Amino acid sequence: MRSISMRRQQQDEPDQPDQPDQRRGWAEAVNTLTARWLERIDPADALASGIGVWPLLALIADPADGAGRAELASALGIEPEAAIDAARDLIATLDACEAVHLATGLWTLPDLVVHDAWASRLPDGTRGHITGVAQQDAVVLNAWANERTGGRIPTFPLKTDPSTRLVLASALLVETQWAQPFTSRPLALDQGPWADAGPIEYLTRTTTNLDDIRVVEGECGSLTDMTVVGRDDVDVHLVLAEEHVAPARALAAGASIVTKPGGVRGTAFTEEHPGPGITSQRSQASAPTDQLQLATVGFAHEAEHDLLKAAEVLGLRTVSDRTRGHFPGIADEPLAVGAARQSIMARFHARGFEAAAVTALSMTFGAASPPRMYEIRTVSAAFTRPFAFYATHRPTGLVLVAGWV
């Protein structure tokens, strides 16, 4: 079943006043990038992880130069010289949560000399080599993606080729159980996008905290934000816009409000139209406890993204120009971004939520005249029976030594 995914934002609770300014700064920067990127994604594939992309951009921003450095800084929302430290802090912060794991990996060709001043500042993670041969590299890269995502992303999102000099990747895994599970039953809906889908997984539950739901006024009108609380410091926000709002605008607007305070909470709802998808009414009950009833659908969704299709939003436009190098801080060899992709999955079900994303970018030789690639033929020979040998003097053609093996 395909449906528009609900984004899970990965940062500390927004209402904590003692959150360090630095942490709040990169958290807001990540969410801003996510919102801008979601606005560019086809709603049919509207599942993406800005947290998978942002650290990779942060790791290549400081060693970049010229216009590419400026574009990466604009996409990141922080200064390039602070970006690597921010990425390290981000990863350490997420890894302190049992429900979230974010890993990085770096693979280079053996003959690419990477500057230690850059490599030594990278977050702890996998270090390895690639060969430039797609089939050989896929064995290593697929195994890394599969292991880091618990089998949810078994295939690395990009392939190497003979021009690939460096691969940098992140792997995100999120797993949480609901603090209060849903009841699940198959149900055929008679309206909405699932009207012709047959029976779907229909999820319902009743809780008592009316403040888990709120209505926020955003750029595209009223947004209903329902917080589904997980057990491991991970929540999932379900956001509903007005019916007339285009999916791309709703996606971007929701991403910009879910981790910010404000809006009208459920305890303050009136019986008039409180917000999209909400009814509020008074009734008689046997216990003096308010009730919050939630009905939604379970979903499982996968998507693939070519990040270079959103190069302007992600700061990759100039650095993917392969007519010159853009990263003197990474290596003396001129490098340019050759490919950047993300594979992602998410599942929302009665007991909890899980998501995984592998994001990768590769760098290739960047110069006015890129190295020429040739199609070659491979010939194999096996000397597995007796043979003769001759040692010759090349300048004269003289046979110096001859023998039989």
# chains A, B, ... in the order shown; residues from 1 in each chain; ligands from 1

$ select_by_dssp --residues "region 76-233 of chain A" --states "alpha helix (DSSP H)" --output "PyMOL selection string"
chain A and resi 76+80-95+116-119+134-148

$ write_last_selection --atoms "N, CA, C and O atoms" --output "compact mmCIF listing (two decimals), in the first residue's frame"
# COMPACT_ATOMS: atom_id res chain seq x y z
N LEU A 76 22.76 24.02 4.34
CA LEU A 76 22.92 23.52 5.71
C LEU A 76 22.31 24.45 6.74
O LEU A 76 21.83 24.02 7.78
N PRO A 80 30.13 26.79 7.25
CA PRO A 80 30.86 25.57 6.87
C PRO A 80 31.89 25.13 7.90
O PRO A 80 32.05 23.93 8.16
N GLU A 81 32.61 26.09 8.51
CA GLU A 81 33.66 25.71 9.45
C GLU A 81 33.11 25.06 10.72
O GLU A 81 33.85 24.40 11.45
N ALA A 82 31.82 25.25 10.98
CA ALA A 82 31.20 24.62 12.15
C ALA A 82 30.45 23.35 11.79
O ALA A 82 29.94 22.65 12.69
N ALA A 83 30.39 23.02 10.52
CA ALA A 83 29.49 21.96 10.07
C ALA A 83 29.91 20.57 10.52
O ALA A 83 29.08 19.76 10.94
N ILE A 84 31.21 20.25 10.44
CA ILE A 84 31.65 18.90 10.81
C ILE A 84 31.40 18.64 12.29
O ILE A 84 30.91 17.58 12.69
N ASP A 85 31.73 19.63 13.13
CA ASP A 85 31.48 19.46 14.57
C ASP A 85 29.99 19.31 14.84
O ASP A 85 29.58 18.54 15.72
N ALA A 86 29.17 20.05 14.10
CA ALA A 86 27.72 19.93 14.28
C ALA A 86 27.24 18.54 13.88
O ALA A 86 26.37 17.96 14.55
N ALA A 87 27.79 17.99 12.80
CA ALA A 87 27.41 16.65 12.38
C ALA A 87 27.81 15.62 13.43
O ALA A 87 27.05 14.68 13.72
N ARG A 88 28.99 15.78 14.00
CA ARG A 88 29.43 14.86 15.06
C ARG A 88 28.49 14.94 16.27
O ARG A 88 28.11 13.92 16.85
N ASP A 89 28.11 16.15 16.64
CA ASP A 89 27.21 16.34 17.78
C ASP A 89 25.84 15.74 17.49
O ASP A 89 25.22 15.10 18.34
N LEU A 90 25.37 15.94 16.27
CA LEU A 90 24.08 15.40 15.86
C LEU A 90 24.07 13.88 15.98
O LEU A 90 23.15 13.27 16.56
N ILE A 91 25.10 13.23 15.44
CA ILE A 91 25.17 11.77 15.46
C ILE A 91 25.27 11.26 16.89
O ILE A 91 24.60 10.29 17.27
N ALA A 92 26.10 11.91 17.72
CA ALA A 92 26.24 11.49 19.11
C ALA A 92 24.92 11.65 19.87
O ALA A 92 24.55 10.81 20.70
N THR A 93 24.21 12.71 19.56
CA THR A 93 22.93 12.95 20.23
C THR A 93 21.92 11.88 19.88
O THR A 93 21.21 11.35 20.73
N LEU A 94 21.82 11.55 18.60
CA LEU A 94 20.87 10.52 18.19
C LEU A 94 21.25 9.15 18.73
O LEU A 94 20.38 8.36 19.12
N ASP A 95 22.54 8.85 18.77
CA ASP A 95 22.97 7.55 19.25
C ASP A 95 22.74 7.37 20.75
O ASP A 95 22.78 6.25 21.26
N ASP A 116 44.50 14.21 6.02
CA ASP A 116 44.21 13.81 7.40
C ASP A 116 43.49 14.91 8.16
O ASP A 116 42.70 14.63 9.07
N ALA A 117 43.73 16.17 7.80
CA ALA A 117 43.06 17.29 8.47
C ALA A 117 41.55 17.20 8.32
O ALA A 117 40.79 17.69 9.17
N TRP A 118 41.08 16.57 7.23
CA TRP A 118 39.64 16.35 7.03
C TRP A 118 39.21 15.02 7.63
O TRP A 118 38.27 14.95 8.42
N ALA A 119 39.91 13.95 7.26
CA ALA A 119 39.49 12.61 7.67
C ALA A 119 39.49 12.46 9.19
O ALA A 119 38.62 11.77 9.75
N ALA A 134 31.81 -2.15 -10.20
CA ALA A 134 30.50 -2.11 -9.57
C ALA A 134 30.15 -3.40 -8.84
O ALA A 134 29.68 -3.38 -7.70
N GLN A 135 30.37 -4.54 -9.46
CA GLN A 135 29.98 -5.80 -8.84
C GLN A 135 30.78 -6.08 -7.58
O GLN A 135 30.24 -6.56 -6.58
N GLN A 136 32.06 -5.78 -7.60
CA GLN A 136 32.89 -6.02 -6.42
C GLN A 136 32.51 -5.06 -5.28
O GLN A 136 32.39 -5.47 -4.12
N ASP A 137 32.34 -3.79 -5.61
CA ASP A 137 32.01 -2.81 -4.57
C ASP A 137 30.62 -3.05 -3.99
O ASP A 137 30.39 -2.79 -2.80
N ALA A 138 29.69 -3.54 -4.82
CA ALA A 138 28.33 -3.78 -4.34
C ALA A 138 28.30 -4.78 -3.20
O ALA A 138 27.49 -4.66 -2.27
N VAL A 139 29.17 -5.77 -3.23
CA VAL A 139 29.22 -6.76 -2.16
C VAL A 139 29.49 -6.08 -0.82
O VAL A 139 28.83 -6.34 0.20
N VAL A 140 30.48 -5.18 -0.80
CA VAL A 140 30.86 -4.48 0.43
C VAL A 140 29.80 -3.46 0.83
O VAL A 140 29.37 -3.41 2.00
N LEU A 141 29.36 -2.63 -0.11
CA LEU A 141 28.43 -1.55 0.21
C LEU A 141 27.05 -2.08 0.56
O LEU A 141 26.39 -1.57 1.48
N ASN A 142 26.58 -3.10 -0.14
CA ASN A 142 25.28 -3.70 0.20
C ASN A 142 25.30 -4.31 1.60
O ASN A 142 24.33 -4.20 2.35
N ALA A 143 26.40 -4.99 1.92
CA ALA A 143 26.51 -5.60 3.24
C ALA A 143 26.46 -4.54 4.34
O ALA A 143 25.83 -4.73 5.39
N TRP A 144 27.12 -3.40 4.11
CA TRP A 144 27.09 -2.31 5.09
C TRP A 144 25.69 -1.76 5.26
O TRP A 144 25.21 -1.59 6.41
N ALA A 145 24.99 -1.49 4.16
CA ALA A 145 23.63 -0.96 4.24
C ALA A 145 22.70 -1.95 4.94
O ALA A 145 21.88 -1.56 5.80
N ASN A 146 22.81 -3.20 4.60
CA ASN A 146 21.96 -4.22 5.18
C ASN A 146 22.18 -4.34 6.69
O ASN A 146 21.24 -4.39 7.48
N GLU A 147 23.44 -4.34 7.10
CA GLU A 147 23.75 -4.49 8.52
C GLU A 147 23.31 -3.27 9.32
O GLU A 147 22.73 -3.40 10.40
N ARG A 148 23.59 -2.07 8.80
CA ARG A 148 23.29 -0.85 9.55
C ARG A 148 21.79 -0.57 9.65
O ARG A 148 21.37 0.21 10.51

$ select_by_dssp --residues "region 39-237 of chain A" --states "strand (DSSP E or B)" --output "JSON, numbers by chain"
{"A": [100, 101, 102, 103, 104, 105, 106, 107, 108, 114, 126, 127, 128, 129, 164, 165, 166, 167, 168, 169, 170, 171, 172, 173, 174, 175, 176, 177, 178, 183, 184, 185, 186, 187, 200, 201, 202, 203, 204, 205, 206, 207, 213, 214, 215, 216, 217, 218, 221, 222, 223, 224, 225, 226, 227, 228, 229, 230, 235, 236, 237]}

$ write_last_selection --atoms "C-alpha atoms" --output "PDB file, in the first residue's frame"
ATOM      1  CA  VAL A 100      17.709   5.708  16.839  1.00  0.00           C
ATOM      2  CA  HIS A 101      20.977   4.743  15.199  1.00  0.00           C
ATOM      3  CA  LEU A 102      22.852   6.895  12.683  1.00  0.00           C
ATOM      4  CA  ALA A 103      26.086   5.577  11.200  1.00  0.00           C
ATOM      5  CA  THR A 104      28.483   6.926   8.597  1.00  0.00           C
ATOM      6  CA  GLY A 105      30.873   5.247   6.228  1.00  0.00           C
ATOM      7  CA  LEU A 106      33.713   6.378   3.979  1.00  0.00           C
ATOM      8  CA  TRP A 107      35.240   4.327   1.185  1.00  0.00           C
ATOM      9  CA  THR A 108      38.022   5.499  -1.135  1.00  0.00           C
ATOM     10  CA  VAL A 114      42.733  11.964   1.614  1.00  0.00           C
ATOM     11  CA  THR A 126      33.307   2.584   8.799  1.00  0.00           C
ATOM     12  CA  ARG A 127      36.473   3.169   6.777  1.00  0.00           C
ATOM     13  CA  GLY A 128      37.165   1.044   3.734  1.00  0.00           C
ATOM     14  CA  HIS A 129      38.189   0.909   0.104  1.00  0.00           C
ATOM     15  CA  THR A 164      34.370   6.769  -8.719  1.00  0.00           C
ATOM     16  CA  ARG A 165      37.077   7.978  -6.344  1.00  0.00           C
ATOM     17  CA  LEU A 166      35.229   8.260  -3.029  1.00  0.00           C
ATOM     18  CA  VAL A 167      31.915   7.204  -1.474  1.00  0.00           C
ATOM     19  CA  LEU A 168      30.454   8.825   1.652  1.00  0.00           C
ATOM     20  CA  ALA A 169      27.265   7.468   3.215  1.00  0.00           C
ATOM     21  CA  SER A 170      24.941   7.590   6.193  1.00  0.00           C
ATOM     22  CA  ALA A 171      22.601   4.887   7.481  1.00  0.00           C
ATOM     23  CA  LEU A 172      19.619   5.717   9.683  1.00  0.00           C
ATOM     24  CA  LEU A 173      17.541   3.227  11.663  1.00  0.00           C
ATOM     25  CA  VAL A 174      14.539   4.166  13.789  1.00  0.00           C
ATOM     26  CA  GLU A 175      12.541   1.651  15.833  1.00  0.00           C
ATOM     27  CA  THR A 176      10.022   2.478  18.530  1.00  0.00           C
ATOM     28  CA  GLN A 177       6.995   0.900  20.180  1.00  0.00           C
ATOM     29  CA  TRP A 178       3.940   2.987  20.976  1.00  0.00           C
ATOM     30  CA  THR A 183      -6.274  -1.779  17.791  1.00  0.00           C
ATOM     31  CA  SER A 184      -5.969  -3.084  14.242  1.00  0.00           C
ATOM     32  CA  ARG A 185      -8.676  -4.458  11.973  1.00  0.00           C
ATOM     33  CA  PRO A 186      -9.183  -4.742   8.201  1.00  0.00           C
ATOM     34  CA  LEU A 187     -11.673  -2.214   6.857  1.00  0.00           C
ATOM     35  CA  ILE A 200      -6.781  -1.836   4.616  1.00  0.00           C
ATOM     36  CA  GLU A 201      -5.170  -1.895   8.061  1.00  0.00           C
ATOM     37  CA  TYR A 202      -7.437   0.418  10.064  1.00  0.00           C
ATOM     38  CA  LEU A 203      -5.962   1.543  13.376  1.00  0.00           C
ATOM     39  CA  THR A 204      -7.895   2.993  16.310  1.00  0.00           C
ATOM     40  CA  ARG A 205      -7.181   3.842  19.925  1.00  0.00           C
ATOM     41  CA  THR A 206      -8.557   5.977  22.750  1.00  0.00           C
ATOM     42  CA  THR A 207      -6.302   7.934  25.128  1.00  0.00           C
ATOM     43  CA  ILE A 213      -3.440  16.944  19.520  1.00  0.00           C
ATOM     44  CA  ARG A 214      -3.248  20.581  18.472  1.00  0.00           C
ATOM     45  CA  VAL A 215      -4.105  22.877  15.587  1.00  0.00           C
ATOM     46  CA  VAL A 216      -1.404  25.182  14.241  1.00  0.00           C
ATOM     47  CA  GLU A 217      -1.803  27.987  11.736  1.00  0.00           C
ATOM     48  CA  GLY A 218       0.805  27.544   9.023  1.00  0.00           C
ATOM     49  CA  GLY A 221      -3.777  27.427   6.623  1.00  0.00           C
ATOM     50  CA  SER A 222      -4.758  25.246   9.561  1.00  0.00           C
ATOM     51  CA  LEU A 223      -2.765  22.096  10.278  1.00  0.00           C
ATOM     52  CA  THR A 224      -3.838  19.347  12.676  1.00  0.00           C
ATOM     53  CA  ASP A 225      -0.831  17.842  14.473  1.00  0.00           C
ATOM     54  CA  MET A 226      -1.423  14.577  16.330  1.00  0.00           C
ATOM     55  CA  THR A 227       1.482  13.272  18.427  1.00  0.00           C
ATOM     56  CA  VAL A 228       1.728   9.484  18.707  1.00  0.00           C
ATOM     57  CA  VAL A 229       4.125   8.921  21.595  1.00  0.00           C
ATOM     58  CA  GLY A 230       6.735   6.172  21.441  1.00  0.00           C
ATOM     59  CA  ASP A 235       7.326  10.321  18.585  1.00  0.00           C
ATOM     60  CA  VAL A 236       5.485  10.224  15.286  1.00  0.00           C
ATOM     61  CA  HIS A 237       3.454  13.251  14.296  1.00  0.00           C
TER      62      HIS A 237
END

$ closest_residue --among "A:Ser280, A:Thr131, A:Thr32, A:Thr149" --to "Ser343 (chain A)" --atoms "only C-alpha atoms"
A:Thr149

$ closest_residue --among "A:Asp124, A:Glu272, A:Asp332, A:Glu312" --to "Ser74 (chain A)" --atoms "only C-alpha atoms"
A:Glu312

$ residues_around --residues "region 36-49 of chain A" --least-positions-apart "3" --cutoff "7 Å" --atoms "only C-alpha atoms" --output "number ranges by chain"
A: 4-5, 32-33, 52-53, 247-249, 251-252, 303, 310, 313, 344, 357

$ write_last_selection --atoms "N, CA, C and O atoms" --output "mmCIF file, in the first residue's frame"
data_model
loop_
_atom_site.group_PDB
_atom_site.id
_atom_site.type_symbol
_atom_site.label_atom_id
_atom_site.label_comp_id
_atom_site.auth_asym_id
_atom_site.auth_seq_id
_atom_site.Cartn_x
_atom_site.Cartn_y
_atom_site.Cartn_z
ATOM 1 N N ILE A 4 0.988 8.835 1.392
ATOM 2 C CA ILE A 4 1.899 9.917 1.756
ATOM 3 C C ILE A 4 2.392 9.679 3.165
ATOM 4 O O ILE A 4 1.627 9.497 4.093
ATOM 5 N N SER A 5 3.706 9.676 3.319
ATOM 6 C CA SER A 5 4.281 9.336 4.609
ATOM 7 C C SER A 5 4.207 10.507 5.569
ATOM 8 O O SER A 5 4.178 11.668 5.181
ATOM 9 N N THR A 32 14.687 22.647 8.566
ATOM 10 C CA THR A 32 14.479 23.583 7.462
ATOM 11 C C THR A 32 14.854 22.942 6.133
ATOM 12 O O THR A 32 14.133 23.067 5.140
ATOM 13 N N LEU A 33 15.980 22.246 6.103
ATOM 14 C CA LEU A 33 16.392 21.544 4.887
ATOM 15 C C LEU A 33 15.355 20.494 4.510
ATOM 16 O O LEU A 33 14.986 20.357 3.332
ATOM 17 N N GLY A 52 19.255 12.059 6.971
ATOM 18 C CA GLY A 52 20.221 11.238 6.262
ATOM 19 C C GLY A 52 21.120 12.055 5.363
ATOM 20 O O GLY A 52 22.293 11.716 5.160
ATOM 21 N N VAL A 53 20.574 13.149 4.832
ATOM 22 C CA VAL A 53 21.309 13.989 3.884
ATOM 23 C C VAL A 53 22.174 15.021 4.595
ATOM 24 O O VAL A 53 23.341 15.231 4.232
ATOM 25 N N PRO A 247 -0.399 18.493 -1.844
ATOM 26 C CA PRO A 247 0.437 17.634 -0.977
ATOM 27 C C PRO A 247 1.825 18.193 -0.710
ATOM 28 O O PRO A 247 2.304 18.130 0.429
ATOM 29 N N ALA A 248 2.485 18.725 -1.739
ATOM 30 C CA ALA A 248 3.844 19.224 -1.545
ATOM 31 C C ALA A 248 3.874 20.367 -0.540
ATOM 32 O O ALA A 248 4.767 20.444 0.310
ATOM 33 N N ARG A 249 2.888 21.252 -0.613
ATOM 34 C CA ARG A 249 2.840 22.371 0.342
ATOM 35 C C ARG A 249 2.527 21.878 1.740
ATOM 36 O O ARG A 249 3.088 22.363 2.727
ATOM 37 N N LEU A 251 3.230 18.926 2.987
ATOM 38 C CA LEU A 251 4.425 18.249 3.485
ATOM 39 C C LEU A 251 5.436 19.239 4.049
ATOM 40 O O LEU A 251 5.970 19.061 5.139
ATOM 41 N N ALA A 252 5.712 20.279 3.282
ATOM 42 C CA ALA A 252 6.684 21.273 3.714
ATOM 43 C C ALA A 252 6.197 22.030 4.944
ATOM 44 O O ALA A 252 6.955 22.274 5.888
ATOM 45 N N ALA A 303 10.820 4.393 -0.907
ATOM 46 C CA ALA A 303 11.083 5.394 -1.943
ATOM 47 C C ALA A 303 12.564 5.433 -2.260
ATOM 48 O O ALA A 303 13.405 5.037 -1.447
ATOM 49 N N ALA A 310 17.323 17.571 -6.804
ATOM 50 C CA ALA A 310 17.045 18.697 -5.907
ATOM 51 C C ALA A 310 18.361 19.386 -5.553
ATOM 52 O O ALA A 310 18.553 19.870 -4.439
ATOM 53 N N VAL A 313 18.326 22.913 -3.902
ATOM 54 C CA VAL A 313 17.870 22.933 -2.518
ATOM 55 C C VAL A 313 18.917 22.349 -1.587
ATOM 56 O O VAL A 313 19.129 22.842 -0.475
ATOM 57 N N ILE A 344 14.923 4.646 1.145
ATOM 58 C CA ILE A 344 14.256 4.842 2.426
ATOM 59 C C ILE A 344 13.004 3.995 2.505
ATOM 60 O O ILE A 344 12.346 3.729 1.495
ATOM 61 N N ALA A 357 16.922 4.500 6.398
ATOM 62 C CA ALA A 357 17.346 5.230 5.202
ATOM 63 C C ALA A 357 18.848 5.093 5.047
ATOM 64 O O ALA A 357 19.588 5.168 6.025
#

$ closest_residue --among "A:Leu122, A:Ala188, A:Leu210, A:Ala356" --to "Ala268 (chain A)" --atoms "only C-alpha atoms"
A:Leu210

$ atom_distance --atom1 "CA of Leu314 (chain A)" --atom2 "CA of Thr34 (chain A)"
9.5 Å

$ atom_distance --atom1 "CA of Pro162 (chain A)" --atom2 "CA of Asp306 (chain A)"
20.1 Å

$ closest_residue --among "A:Gly198, A:Pro157, A:Gly366, A:Gly50" --to "Ala331 (chain A)" --atoms "only C-alpha atoms"
A:Gly366

$ atom_distance --atom1 "CA of Gly338 (chain A)" --atom2 "CA of Asp321 (chain A)"
8.4 Å
